[in-house]
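entry_22.cif, holding mmCIF, C-alpha atoms:
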data_final
#
loop_
_atom_site.label_atom_id
_atom_site.label_comp_id
_atom_site.auth_asym_id
_atom_site.auth_seq_id
_atom_site.Cartn_x
_atom_site.Cartn_y
_atom_site.Cartn_z
CA MET A 3 28.58 -86.74 -9.74
CA ASN A 4 26.77 -86.67 -13.09
CA ARG A 5 23.97 -84.62 -11.49
CA LEU A 6 26.54 -82.13 -10.11
CA LEU A 7 28.20 -81.81 -13.50
CA SER A 8 24.82 -81.22 -15.11
CA ILE A 9 23.98 -78.47 -12.60
CA LEU A 10 27.38 -76.82 -13.09
CA SER A 11 26.99 -76.99 -16.87
CA LEU A 12 23.54 -75.41 -16.67
CA LEU A 13 24.87 -72.66 -14.39
CA PHE A 14 27.68 -71.94 -16.86
CA VAL A 15 25.17 -71.66 -19.71
CA ILE A 16 22.97 -69.28 -17.68
CA LEU A 17 25.90 -67.05 -16.72
CA SER A 18 27.27 -67.04 -20.27
CA THR A 19 23.85 -66.17 -21.70
CA SER A 20 23.42 -63.30 -19.26
CA ALA A 21 26.85 -61.87 -20.11
CA GLN A 22 26.13 -62.17 -23.84
CA SER A 23 22.83 -60.38 -23.32
CA VAL A 24 24.64 -57.40 -21.78
CA ARG A 25 27.22 -57.41 -24.56
CA ASP A 26 24.41 -57.40 -27.12
CA GLU A 27 22.60 -54.58 -25.29
CA ILE A 28 25.70 -52.40 -25.35
CA ALA A 29 26.37 -53.22 -29.01
CA ALA A 30 22.80 -52.18 -29.87
CA ASP A 31 22.96 -49.02 -27.72
CA PRO A 32 26.53 -47.86 -26.96
CA ARG A 33 25.21 -45.28 -24.50
CA LEU A 34 24.62 -48.08 -21.98
CA SER A 35 28.38 -48.52 -21.65
CA GLY A 36 28.48 -45.17 -19.85
CA SER A 37 27.41 -46.74 -16.54
CA ASN A 38 26.45 -43.81 -14.28
CA HIS A 39 26.64 -41.45 -17.28
CA LEU A 40 23.72 -43.16 -19.01
CA ALA A 41 20.96 -40.62 -19.64
CA TYR A 42 17.76 -41.78 -17.95
CA PRO A 43 16.11 -44.24 -20.36
CA GLY A 44 12.64 -44.17 -18.79
CA PRO A 45 10.75 -47.26 -17.59
CA ARG A 46 10.69 -50.44 -19.64
CA GLN A 47 7.46 -51.51 -17.93
CA GLU A 48 4.41 -49.66 -19.17
CA ARG A 49 1.71 -51.51 -17.22
CA LEU A 50 2.18 -52.26 -13.54
CA THR A 51 0.84 -55.33 -11.78
CA PRO A 52 -2.62 -54.56 -10.33
CA ALA A 53 -2.75 -54.39 -6.55
CA PRO A 54 -4.60 -57.12 -4.62
CA GLN A 55 -8.33 -56.52 -4.58
CA GLY A 56 -9.39 -53.58 -2.44
CA TYR A 57 -5.91 -52.08 -1.99
CA ARG A 58 -5.20 -48.54 -3.21
CA PRO A 59 -1.94 -46.56 -3.22
CA PHE A 60 -1.85 -43.88 -0.51
CA TYR A 61 1.81 -42.91 0.06
CA ILE A 62 5.11 -42.84 -1.84
CA SER A 63 8.59 -42.77 -0.31
CA HIS A 64 11.33 -41.97 -2.82
CA TYR A 65 15.05 -41.43 -3.23
CA GLY A 66 16.24 -40.19 -6.60
CA ARG A 67 19.46 -39.18 -8.27
CA HIS A 68 19.83 -35.82 -10.00
CA GLY A 69 19.28 -35.79 -13.74
CA SER A 70 21.79 -35.52 -16.57
CA ARG A 71 24.67 -33.16 -15.84
CA TYR A 72 27.88 -31.82 -17.27
CA LEU A 73 31.07 -33.51 -16.09
CA ILE A 74 32.13 -32.33 -12.65
CA GLY A 75 35.89 -31.74 -12.66
CA PRO A 76 37.67 -29.24 -14.96
CA ASP A 77 40.34 -31.82 -15.82
CA GLU A 78 37.68 -34.11 -17.26
CA TYR A 79 37.44 -31.73 -20.20
CA ALA A 80 40.82 -29.98 -20.04
CA VAL A 81 43.17 -32.96 -19.91
CA PRO A 82 41.93 -34.76 -23.06
CA VAL A 83 41.98 -31.45 -24.95
CA SER A 84 45.48 -30.51 -23.77
CA VAL A 85 47.00 -33.95 -24.45
CA LEU A 86 45.51 -34.11 -27.94
CA ALA A 87 46.26 -30.44 -28.69
CA ARG A 88 49.94 -30.85 -27.80
CA ALA A 89 50.18 -33.91 -30.03
CA ASP A 90 48.42 -32.04 -32.81
CA SER A 91 50.89 -29.14 -32.57
CA LEU A 92 53.65 -31.68 -33.22
CA GLY A 93 51.83 -33.39 -36.07
CA LYS A 94 51.27 -36.57 -34.09
CA LEU A 95 47.51 -37.00 -34.55
CA THR A 96 45.69 -39.07 -37.14
CA GLU A 97 42.68 -37.67 -38.98
CA LEU A 98 40.44 -39.32 -36.37
CA GLY A 99 42.58 -37.87 -33.60
CA ARG A 100 42.16 -34.35 -34.97
CA SER A 101 38.41 -34.90 -35.29
CA VAL A 102 38.18 -36.09 -31.68
CA LEU A 103 40.19 -33.05 -30.56
CA GLY A 104 37.76 -30.73 -32.33
CA ARG A 105 34.74 -32.34 -30.70
CA ALA A 106 36.41 -32.40 -27.29
CA ARG A 107 37.06 -28.66 -27.60
CA GLN A 108 33.39 -28.07 -28.36
CA LEU A 109 32.32 -30.03 -25.30
CA LYS A 110 34.81 -28.19 -23.12
CA ALA A 111 33.55 -24.82 -24.34
CA GLU A 112 29.93 -25.81 -23.80
CA ALA A 113 30.61 -26.84 -20.19
CA ALA A 114 32.63 -23.72 -19.32
CA GLY A 115 31.20 -22.24 -16.14
CA ARG A 116 28.71 -25.14 -15.81
CA LEU A 117 30.81 -27.96 -14.36
CA GLY A 118 28.58 -30.45 -12.56
CA GLU A 119 25.42 -28.52 -13.31
CA LEU A 120 22.12 -29.98 -14.48
CA THR A 121 21.68 -29.94 -18.26
CA PRO A 122 18.34 -29.14 -19.94
CA LEU A 123 17.91 -32.87 -20.52
CA GLY A 124 18.36 -33.49 -16.78
CA ALA A 125 15.57 -31.06 -15.97
CA GLU A 126 13.24 -32.69 -18.49
CA GLN A 127 13.99 -36.15 -17.11
CA HIS A 128 12.67 -35.12 -13.70
CA ARG A 129 9.57 -33.48 -15.10
CA GLN A 130 8.77 -36.72 -16.92
CA ILE A 131 9.43 -38.84 -13.82
CA ALA A 132 7.06 -36.63 -11.81
CA ARG A 133 4.42 -36.82 -14.53
CA ARG A 134 4.50 -40.61 -14.65
CA MET A 135 4.44 -40.85 -10.85
CA TYR A 136 1.33 -38.66 -10.78
CA GLU A 137 -0.37 -40.56 -13.60
CA ARG A 138 0.43 -44.00 -12.18
CA PHE A 139 -0.61 -43.22 -8.60
CA PRO A 140 -3.16 -40.39 -8.77
CA GLU A 141 -4.69 -41.41 -5.42
CA VAL A 142 -1.46 -40.41 -3.65
CA PHE A 143 -1.64 -36.85 -4.99
CA GLU A 144 -5.37 -36.16 -4.55
CA GLY A 145 -6.53 -32.81 -3.21
CA GLY A 146 -4.31 -30.74 -0.95
CA VAL A 147 -2.01 -33.47 0.34
CA THR A 148 1.56 -32.68 1.36
CA VAL A 149 4.60 -33.45 -0.77
CA ASP A 150 7.62 -33.23 1.52
CA ALA A 151 10.79 -32.94 -0.57
CA LYS A 152 14.42 -32.71 0.47
CA SER A 153 17.62 -32.42 -1.54
CA THR A 154 21.31 -32.55 -0.84
CA VAL A 155 22.89 -29.10 -0.93
CA VAL A 156 24.32 -29.61 -4.43
CA ILE A 157 22.68 -27.36 -7.02
CA ARG A 158 22.01 -30.08 -9.61
CA CYS A 159 20.08 -32.03 -6.99
CA ILE A 160 18.15 -28.96 -5.86
CA LEU A 161 17.17 -28.15 -9.45
CA SER A 162 16.18 -31.78 -10.06
CA MET A 163 13.89 -31.56 -7.04
CA GLU A 164 12.42 -28.26 -8.15
CA ASN A 165 11.65 -29.56 -11.65
CA GLU A 166 9.75 -32.53 -10.21
CA LEU A 167 7.87 -30.32 -7.78
CA GLN A 168 6.94 -27.80 -10.45
CA GLU A 169 5.54 -30.57 -12.61
CA LEU A 170 3.52 -32.03 -9.73
CA LEU A 171 2.19 -28.59 -8.89
CA ARG A 172 1.25 -28.02 -12.51
CA LEU A 173 -0.72 -31.27 -12.46
CA ASN A 174 -2.39 -30.44 -9.13
CA PRO A 175 -2.18 -26.80 -7.98
CA LYS A 176 -3.77 -27.77 -4.65
CA LEU A 177 -0.71 -29.72 -3.48
CA ARG A 178 1.02 -28.46 -0.36
CA ILE A 179 4.71 -28.40 -1.23
CA VAL A 180 7.37 -28.44 1.50
CA HIS A 181 10.93 -28.40 0.17
CA ASP A 182 14.37 -27.91 1.67
CA ALA A 183 18.10 -28.44 1.06
CA SER A 184 20.15 -28.19 4.23
CA GLU A 185 23.25 -29.56 5.92
CA HIS A 186 20.83 -30.47 8.71
CA ASP A 187 19.66 -33.50 6.69
CA MET A 188 22.94 -34.61 5.17
CA TYR A 189 23.45 -37.27 7.86
CA TYR A 190 20.99 -39.43 5.94
CA MET A 191 20.64 -37.67 2.57
CA ASN A 192 24.37 -37.96 1.83
CA GLN A 193 25.92 -39.72 4.78
CA SER A 194 29.63 -39.20 5.36
CA ASP A 195 31.32 -42.28 6.84
CA PRO A 196 35.13 -41.96 6.58
CA ALA A 197 35.72 -45.15 8.55
CA LEU A 198 33.60 -47.25 6.19
CA SER A 199 34.99 -45.50 3.12
CA ALA A 200 38.51 -46.35 4.26
CA LEU A 201 37.64 -50.03 3.93
CA LYS A 202 36.63 -49.78 0.25
CA THR A 203 39.89 -50.69 -1.44
CA PRO A 204 42.18 -52.95 0.58
CA ARG A 205 45.15 -54.24 -1.37
CA ARG A 206 43.43 -57.47 -2.38
CA ALA A 207 40.54 -55.48 -3.91
CA ARG A 208 42.93 -53.17 -5.81
CA VAL A 209 44.94 -56.11 -7.13
CA ALA A 210 41.79 -58.00 -8.13
CA TRP A 211 40.45 -54.98 -10.05
CA ASP A 212 43.79 -54.24 -11.72
CA ASP A 213 44.02 -57.86 -12.86
CA PHE A 214 40.41 -57.80 -14.05
CA ARG A 215 40.87 -54.55 -15.99
CA SER A 216 44.13 -55.60 -17.60
CA GLY A 217 42.54 -58.90 -18.59
CA HIS A 218 39.76 -57.14 -20.49
CA VAL A 219 40.91 -53.64 -21.47
CA SER A 220 43.63 -52.85 -23.99
CA VAL A 221 44.17 -49.17 -24.80
CA SER A 222 46.80 -49.70 -27.50
CA PRO A 223 44.32 -49.99 -30.41
CA LEU A 224 42.68 -46.72 -29.39
CA MET A 225 46.06 -44.98 -29.23
CA ARG A 226 46.93 -46.25 -32.71
CA ARG A 227 43.70 -44.82 -34.06
CA LEU A 228 44.33 -41.40 -32.52
CA PHE A 229 48.11 -41.00 -32.87
CA ASN A 230 50.39 -41.60 -35.86
CA ASP A 231 53.64 -42.07 -33.89
CA GLU A 232 53.92 -45.03 -31.50
CA ALA A 233 57.20 -43.78 -30.04
CA TYR A 234 55.58 -40.46 -29.16
CA VAL A 235 52.71 -42.28 -27.43
CA LYS A 236 55.14 -44.50 -25.52
CA TYR A 237 57.18 -41.66 -24.08
CA GLU A 238 54.76 -38.73 -23.97
CA VAL A 239 51.25 -40.04 -23.28
CA ASP A 240 49.78 -41.58 -20.14
CA THR A 241 47.71 -43.97 -22.21
CA LEU A 242 45.60 -45.49 -19.41
CA ASP A 243 44.67 -42.06 -18.08
CA LEU A 244 43.89 -40.61 -21.52
CA ALA A 245 41.79 -43.62 -22.55
CA ALA A 246 39.79 -43.45 -19.32
CA ARG A 247 39.19 -39.72 -19.75
CA LEU A 248 38.16 -40.06 -23.38
CA PHE A 249 35.77 -42.87 -22.48
CA LYS A 250 34.18 -40.74 -19.74
CA LEU A 251 33.92 -37.78 -22.11
CA ALA A 252 32.30 -39.98 -24.76
CA SER A 253 29.92 -41.45 -22.19
CA ASN A 254 28.63 -38.07 -21.06
CA VAL A 255 27.95 -36.60 -24.51
CA GLN A 256 24.45 -38.09 -24.30
CA SER A 257 23.63 -35.75 -21.40
CA SER A 258 24.92 -32.67 -23.18
CA PRO A 259 22.93 -30.38 -25.49
CA LEU A 260 25.65 -31.13 -28.06
CA GLY A 261 24.66 -34.78 -27.84
CA GLU A 262 21.92 -34.14 -30.37
CA GLU A 263 24.50 -33.40 -33.05
CA MET A 264 27.64 -35.31 -32.13
CA SER A 265 29.07 -38.50 -30.64
CA LEU A 266 32.53 -39.71 -29.66
CA TYR A 267 31.78 -43.39 -29.84
CA ASP A 268 33.37 -43.65 -33.29
CA MET A 269 36.81 -43.84 -31.65
CA PHE A 270 35.88 -47.14 -29.95
CA THR A 271 34.92 -50.54 -31.32
CA PRO A 272 31.86 -52.32 -29.83
CA ASP A 273 34.17 -54.82 -28.12
CA GLU A 274 36.16 -51.98 -26.56
CA LEU A 275 33.04 -50.28 -25.26
CA TYR A 276 31.98 -53.53 -23.62
CA ALA A 277 35.45 -54.01 -22.12
CA TYR A 278 35.61 -50.47 -20.71
CA TRP A 279 32.14 -50.94 -19.25
CA LEU A 280 33.16 -54.27 -17.68
CA ALA A 281 35.99 -52.54 -15.83
CA ASP A 282 33.70 -49.72 -14.68
CA ASN A 283 31.04 -52.18 -13.57
CA ALA A 284 33.55 -54.05 -11.42
CA SER A 285 34.91 -50.82 -9.98
CA TRP A 286 31.45 -49.63 -8.91
CA TYR A 287 30.72 -53.04 -7.41
CA ILE A 288 33.88 -52.93 -5.30
CA GLY A 289 33.21 -49.38 -4.17
CA TYR A 290 29.48 -49.58 -3.40
CA GLY A 291 28.24 -53.16 -3.71
CA ALA A 292 28.41 -56.08 -1.27
CA CYS A 293 31.85 -57.06 -2.55
CA ALA A 294 33.47 -59.85 -0.56
CA LEU A 295 36.93 -58.43 -1.40
CA ASN A 296 36.37 -55.61 1.10
CA GLY A 297 34.06 -57.22 3.63
CA ALA A 298 30.73 -56.73 1.79
CA THR A 299 29.89 -53.78 4.06
CA GLN A 300 29.83 -50.79 1.70
CA PRO A 301 26.02 -50.82 1.19
CA TYR A 302 25.72 -49.96 4.90
CA SER A 303 26.85 -46.45 4.01
CA GLN A 304 23.10 -45.92 3.47
CA ARG A 305 21.98 -47.25 6.85
CA ASN A 306 20.85 -43.81 8.01
CA LEU A 307 18.88 -43.31 4.80
CA LEU A 308 17.11 -46.66 5.16
CA ARG A 309 16.28 -45.94 8.80
CA ASN A 310 14.87 -42.57 7.73
CA ILE A 311 12.76 -44.25 5.05
CA ILE A 312 11.35 -46.70 7.61
CA HIS A 313 10.74 -44.02 10.26
CA GLN A 314 9.10 -41.58 7.84
CA ALA A 315 6.90 -44.32 6.40
CA ASP A 316 5.66 -45.35 9.84
CA SER A 317 4.84 -41.71 10.62
CA CYS A 318 3.00 -41.24 7.32
CA ILE A 319 1.08 -44.50 7.56
CA ALA A 320 -0.55 -43.09 10.69
CA LEU A 321 -2.04 -40.26 8.61
CA GLU A 322 -5.23 -40.44 6.60
CA HIS A 323 -3.76 -38.74 3.51
CA PRO A 324 0.04 -38.63 3.88
CA GLY A 325 1.02 -37.75 0.28
CA ALA A 326 4.67 -38.32 -0.64
CA THR A 327 8.20 -38.03 0.73
CA LEU A 328 10.71 -37.23 -2.02
CA ARG A 329 14.49 -37.17 -1.58
CA PHE A 330 17.05 -36.05 -4.18
CA GLY A 331 20.72 -36.90 -4.17
CA HIS A 332 23.37 -38.86 -5.99
CA GLU A 333 24.17 -42.22 -7.56
CA THR A 334 26.59 -42.88 -4.71
CA MET A 335 23.50 -43.12 -2.49
CA VAL A 336 21.15 -44.87 -4.93
CA LEU A 337 23.57 -47.70 -5.74
CA PRO A 338 24.44 -48.78 -2.17
CA LEU A 339 20.80 -48.31 -1.09
CA VAL A 340 19.67 -50.70 -3.83
CA CYS A 341 22.36 -53.16 -2.73
CA LEU A 342 21.44 -52.78 0.95
CA LEU A 343 17.80 -53.51 0.11
CA ASN A 344 18.95 -56.34 -2.18
CA VAL A 345 16.57 -55.11 -4.86
CA ASN A 346 16.50 -57.56 -7.79
CA GLY A 347 19.37 -59.49 -6.20
CA TYR A 348 21.79 -56.54 -6.35
CA GLY A 349 22.87 -57.40 -2.80
CA LEU A 350 25.01 -60.10 -4.45
CA GLU A 351 28.10 -60.93 -2.39
CA THR A 352 31.09 -62.34 -4.29
CA ALA A 353 34.84 -61.97 -4.65
CA ASP A 354 34.75 -63.21 -8.26
CA LEU A 355 34.63 -60.15 -10.50
CA GLU A 356 34.38 -62.36 -13.59
CA SER A 357 31.00 -63.67 -12.39
CA LEU A 358 29.37 -60.26 -11.87
CA VAL A 359 27.71 -59.80 -15.24
CA GLY A 360 26.63 -63.41 -15.51
CA SER A 361 25.01 -63.06 -12.09
CA GLY A 362 23.00 -60.08 -13.32
CA TRP A 363 24.93 -57.33 -11.53
CA VAL A 364 24.70 -54.66 -14.25
CA ASN A 365 25.27 -51.11 -13.03
CA TYR A 366 23.53 -49.17 -15.80
CA ARG A 367 20.26 -50.84 -14.82
CA ILE A 368 20.61 -49.34 -11.34
CA PHE A 369 21.91 -45.79 -11.48
CA PRO A 370 21.54 -43.88 -14.73
CA MET A 371 21.16 -40.12 -14.53
CA GLY A 372 17.80 -39.55 -12.83
CA ALA A 373 17.82 -43.01 -11.19
CA ASN A 374 15.15 -43.47 -8.55
CA VAL A 375 13.80 -45.90 -6.00
CA GLN A 376 10.08 -45.55 -5.26
CA LEU A 377 8.39 -47.36 -2.41
CA VAL A 378 4.65 -47.26 -3.08
CA PHE A 379 2.35 -48.06 -0.13
CA TYR A 380 -1.13 -49.61 -0.41
CA ARG A 381 -3.99 -50.25 2.00
CA ARG A 382 -7.76 -50.77 1.91
CA SER A 383 -8.62 -47.88 4.24
CA ALA A 384 -6.96 -45.45 6.62
CA ALA A 385 -7.93 -47.75 9.51
CA ASP A 386 -6.37 -50.81 7.84
CA SER A 387 -3.19 -52.04 9.54
CA ASP A 388 -2.45 -54.50 6.72
CA VAL A 389 -0.22 -52.23 4.65
CA LEU A 390 1.49 -53.43 1.48
CA VAL A 391 4.51 -51.92 -0.22
CA LYS A 392 5.87 -52.25 -3.74
CA VAL A 393 9.35 -51.17 -4.83
CA LEU A 394 10.05 -49.62 -8.22
CA LEU A 395 13.62 -49.33 -9.46
CA ASN A 396 13.74 -46.69 -12.17
CA GLU A 397 9.95 -47.01 -12.39
CA ASN A 398 10.05 -50.76 -13.04
CA GLU A 399 8.61 -53.27 -10.56
CA ALA A 400 11.37 -55.01 -8.63
CA THR A 401 11.83 -57.84 -6.16
CA LEU A 402 12.84 -57.84 -2.49
CA PRO A 403 14.19 -60.71 -0.34
CA LEU A 404 10.89 -60.96 1.54
CA PRO A 405 7.97 -63.46 1.58
CA ALA A 406 6.78 -63.34 -2.01
CA ASP A 407 3.24 -64.70 -1.86
CA LEU A 408 1.92 -61.31 -3.10
CA ALA A 409 4.98 -60.21 -5.10
CA PRO A 410 5.66 -57.61 -6.39
CA TYR A 411 3.68 -56.49 -3.32
CA TYR A 412 5.12 -57.12 0.12
CA ARG A 413 3.75 -56.66 3.62
CA TRP A 414 5.12 -53.56 5.30
CA SER A 415 5.42 -55.47 8.56
CA ASP A 416 7.74 -57.97 6.84
CA PHE A 417 9.73 -55.15 5.24
CA LYS A 418 10.21 -53.26 8.49
CA LYS A 419 11.13 -56.35 10.51
CA TYR A 420 13.62 -57.69 7.97
CA TYR A 421 15.50 -54.47 7.34
CA THR A 422 15.46 -53.24 10.94
CA GLU A 423 17.01 -56.52 12.04
CA LYS A 424 19.56 -56.29 9.23
CA LEU A 425 20.56 -52.76 10.25
CA ASP A 426 20.66 -53.65 13.95
CA ALA A 427 22.89 -56.66 13.23
CA TYR A 428 25.40 -54.42 11.44
CA GLU A 429 25.48 -51.69 14.04
#
Written as structure tokens, how would this file's structure read?
Amino acid sequence: MNRLLSILSLLFVILSTSAQSVRDEIAADPRLSGSNHLAYPGPRQERLTPAPQGYRPFYISHYGRHGSRYLIGPDEYAVPVSVLARADSLGKLTELGRSVLGRARQLKAEAAGRLGELTPLGAEQHRQIARRMYERFPEVFEGGVTVDAKSTVVIRCILSMENELQELLRLNPKLRIVHDASEHDMYYMNQSDPALSALKTPRRARVAWDDFRSGHVSVSPLMRRLFNDEAYVKYEVDTLDLAARLFKLASNVQSSPLGEEMSLYDMFTPDELYAYWLADNASWYIGYGACALNGATQPYSQRNLLRNIIHQADSCIALEHPGATLRFGHETMVLPLVCLLNVNGYGLETADLESLVGSGWVNYRIFPMGANVQLVFYRRSAADSDVLVKVLLNENEATLPLPADLAPYYRWSDFKKYYTEKLDAYE
């Protein structure tokens, strides 16, 4: 019994320390609280682990999210402006409220006609990702090898792809570039699965998230900072909706050209930013992670993508100089793919939303703007059947649930066997 209590106490300390670490990270850099709105931070890891002796990189298989963008829906700009403008016309805003209204109007004007489009920062993110990929693995891009790139049919993804390809071609004009964006490939590039999507939010998952959010998030302090009349707020303002929209608007400023000269984080306290992020983190986990509240099946939305990755890799391994396969899409593919692969333990299955952060399930480490998963393949020669693979999450070495005697390198045979069996068991 004493041993059990000691283990439980140690586990509590570990979980508490992990949660405090995330809180401290967000306090030091409020942009992290934006979850999927975080502008790509670049890799933390400058030097990668050398490959086992004699092994050289020869092929890269990749899936990446588009870069920084404007908000997608018109209401994401229009509703905060209209709610605050109406209150201002009635003299119901504080000085901070009027300041926030002015900045929200600027952001709305900047995004006019550009909803959902790639920002200049988003384009630069992909040029830098391509540059680092080329510099880290020059052997993959030697001579006139083929870079086969595909994008979803959404313009911000297409432009993200084109910026990476232009940078690679600048670095090596001999590359043979093949690129496409077609509905023909959407069955794996952006798989539609209405039946699986319908299972995302059963009542128990909705209730659990509502309880979790209400236990952490209070919007009343924010309303008091923005409005000078509590009765007006009570009867005229949908406070939960406005707070959520203002938080999203604040989160995306970092991707906007205006982000160099303004911020909206001054309307939130550090504790509020952490609380809003906690609720978002739990929501993304329920929708795309292996959440036990909805059957832990949502990562299988990317089963076609993973099968394509395996099939394409096998085809390319048979070639002497295969080059690279690049795919460009969305965070709603990157996140469940990472969970399906169980990269860095993100395949975590739990019904306890309070344990997420302490267990290391932190969404902004997975899918910022420009997020990417790179599978880098190594061998000693073109005739060598002993192929190794390393996974990079946002250009940082990551772990897989495979035999780890060579980690962060894994045998391709182990990779293919494990994940093929996992996919077959689901289907």
ask   = Care to translate the PyMOL selection byres ((chain A and resi 132) around 8) into actual residues of this file, as a VMD selection string?
value = chain A and resid 128 to 131 133 to 136 166 to 167 169 to 170
inquiry  = When the PyMOL selection byres ((chain A and resi 151) around 12) is applied to the structure above, which residues does it catch, written out as a ChimeraX atom specification?
reply    = /A:62-66,148-150,152-154,159-168,170,178-184,187,191,325-331
Write a file of the selected residues as a PDB file, in the frame of the given file, keeping C-alpha atoms.
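What ended up in part.pdb:
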ATOM      1  CA  ILE A  62       5.110 -42.840  -1.840  1.00  0.00           C
ATOM      2  CA  SER A  63       8.590 -42.770  -0.310  1.00  0.00           C
ATOM      3  CA  HIS A  64      11.330 -41.970  -2.820  1.00  0.00           C
ATOM      4  CA  TYR A  65      15.050 -41.430  -3.230  1.00  0.00           C
ATOM      5  CA  GLY A  66      16.240 -40.190  -6.600  1.00  0.00           C
ATOM      6  CA  THR A 148       1.560 -32.680   1.360  1.00  0.00           C
ATOM      7  CA  VAL A 149       4.600 -33.450  -0.770  1.00  0.00           C
ATOM      8  CA  ASP A 150       7.620 -33.230   1.520  1.00  0.00           C
ATOM      9  CA  LYS A 152      14.420 -32.710   0.470  1.00  0.00           C
ATOM     10  CA  SER A 153      17.620 -32.420  -1.540  1.00  0.00           C
ATOM     11  CA  THR A 154      21.310 -32.550  -0.840  1.00  0.00           C
ATOM     12  CA  CYS A 159      20.080 -32.030  -6.990  1.00  0.00           C
ATOM     13  CA  ILE A 160      18.150 -28.960  -5.860  1.00  0.00           C
ATOM     14  CA  LEU A 161      17.170 -28.150  -9.450  1.00  0.00           C
ATOM     15  CA  SER A 162      16.180 -31.780 -10.060  1.00  0.00           C
ATOM     16  CA  MET A 163      13.890 -31.560  -7.040  1.00  0.00           C
ATOM     17  CA  GLU A 164      12.420 -28.260  -8.150  1.00  0.00           C
ATOM     18  CA  ASN A 165      11.650 -29.560 -11.650  1.00  0.00           C
ATOM     19  CA  GLU A 166       9.750 -32.530 -10.210  1.00  0.00           C
ATOM     20  CA  LEU A 167       7.870 -30.320  -7.780  1.00  0.00           C
ATOM     21  CA  GLN A 168       6.940 -27.800 -10.450  1.00  0.00           C
ATOM     22  CA  LEU A 170       3.520 -32.030  -9.730  1.00  0.00           C
ATOM     23  CA  ARG A 178       1.020 -28.460  -0.360  1.00  0.00           C
ATOM     24  CA  ILE A 179       4.710 -28.400  -1.230  1.00  0.00           C
ATOM     25  CA  VAL A 180       7.370 -28.440   1.500  1.00  0.00           C
ATOM     26  CA  HIS A 181      10.930 -28.400   0.170  1.00  0.00           C
ATOM     27  CA  ASP A 182      14.370 -27.910   1.670  1.00  0.00           C
ATOM     28  CA  ALA A 183      18.100 -28.440   1.060  1.00  0.00           C
ATOM     29  CA  SER A 184      20.150 -28.190   4.230  1.00  0.00           C
ATOM     30  CA  ASP A 187      19.660 -33.500   6.690  1.00  0.00           C
ATOM     31  CA  MET A 191      20.640 -37.670   2.570  1.00  0.00           C
ATOM     32  CA  GLY A 325       1.020 -37.750   0.280  1.00  0.00           C
ATOM     33  CA  ALA A 326       4.670 -38.320  -0.640  1.00  0.00           C
ATOM     34  CA  THR A 327       8.200 -38.030   0.730  1.00  0.00           C
ATOM     35  CA  LEU A 328      10.710 -37.230  -2.020  1.00  0.00           C
ATOM     36  CA  ARG A 329      14.490 -37.170  -1.580  1.00  0.00           C
ATOM     37  CA  PHE A 330      17.050 -36.050  -4.180  1.00  0.00           C
ATOM     38  CA  GLY A 331      20.720 -36.900  -4.170  1.00  0.00           C
TER      39      GLY A 331
END
task = Would you mind listing what lies within 10 Å of A:Gly297 as a ChimeraX atom specification, with all atoms listed in the file counted and same-chain residues fewer than 4 positions away left out?
result = /A:201-202,204,288,292-293,351-353
message = Which residues are near A:Glu78? Cut-off 10 Å, all atoms listed in the file, ignore same chain within fewer than 6 positions. Put them as a PyMOL selection string.
response = chain A and resi 110+117+244+246-248+250-251
Restricted to C-alpha atoms, what would the selected residues look like written as a compact mmCIF listing (two decimals), in the frame of the given file?
# COMPACT_ATOMS: atom_id res chain seq x y z
CA LYS A 110 34.81 -28.19 -23.12
CA LEU A 117 30.81 -27.96 -14.36
CA LEU A 244 43.89 -40.61 -21.52
CA ALA A 246 39.79 -43.45 -19.32
CA ARG A 247 39.19 -39.72 -19.75
CA LEU A 248 38.16 -40.06 -23.38
CA LYS A 250 34.18 -40.74 -19.74
CA LEU A 251 33.92 -37.78 -22.11
request  = Find the residues with any atom within 12 Å of (22.4, -58.8, -15.5); use only C-alpha atoms and the coordinates as given in the file, and write the answer as an NGL selection string.
outcome  = :A and (16-27 or 280 or 283 or 346-348 or 350 or 357-368)
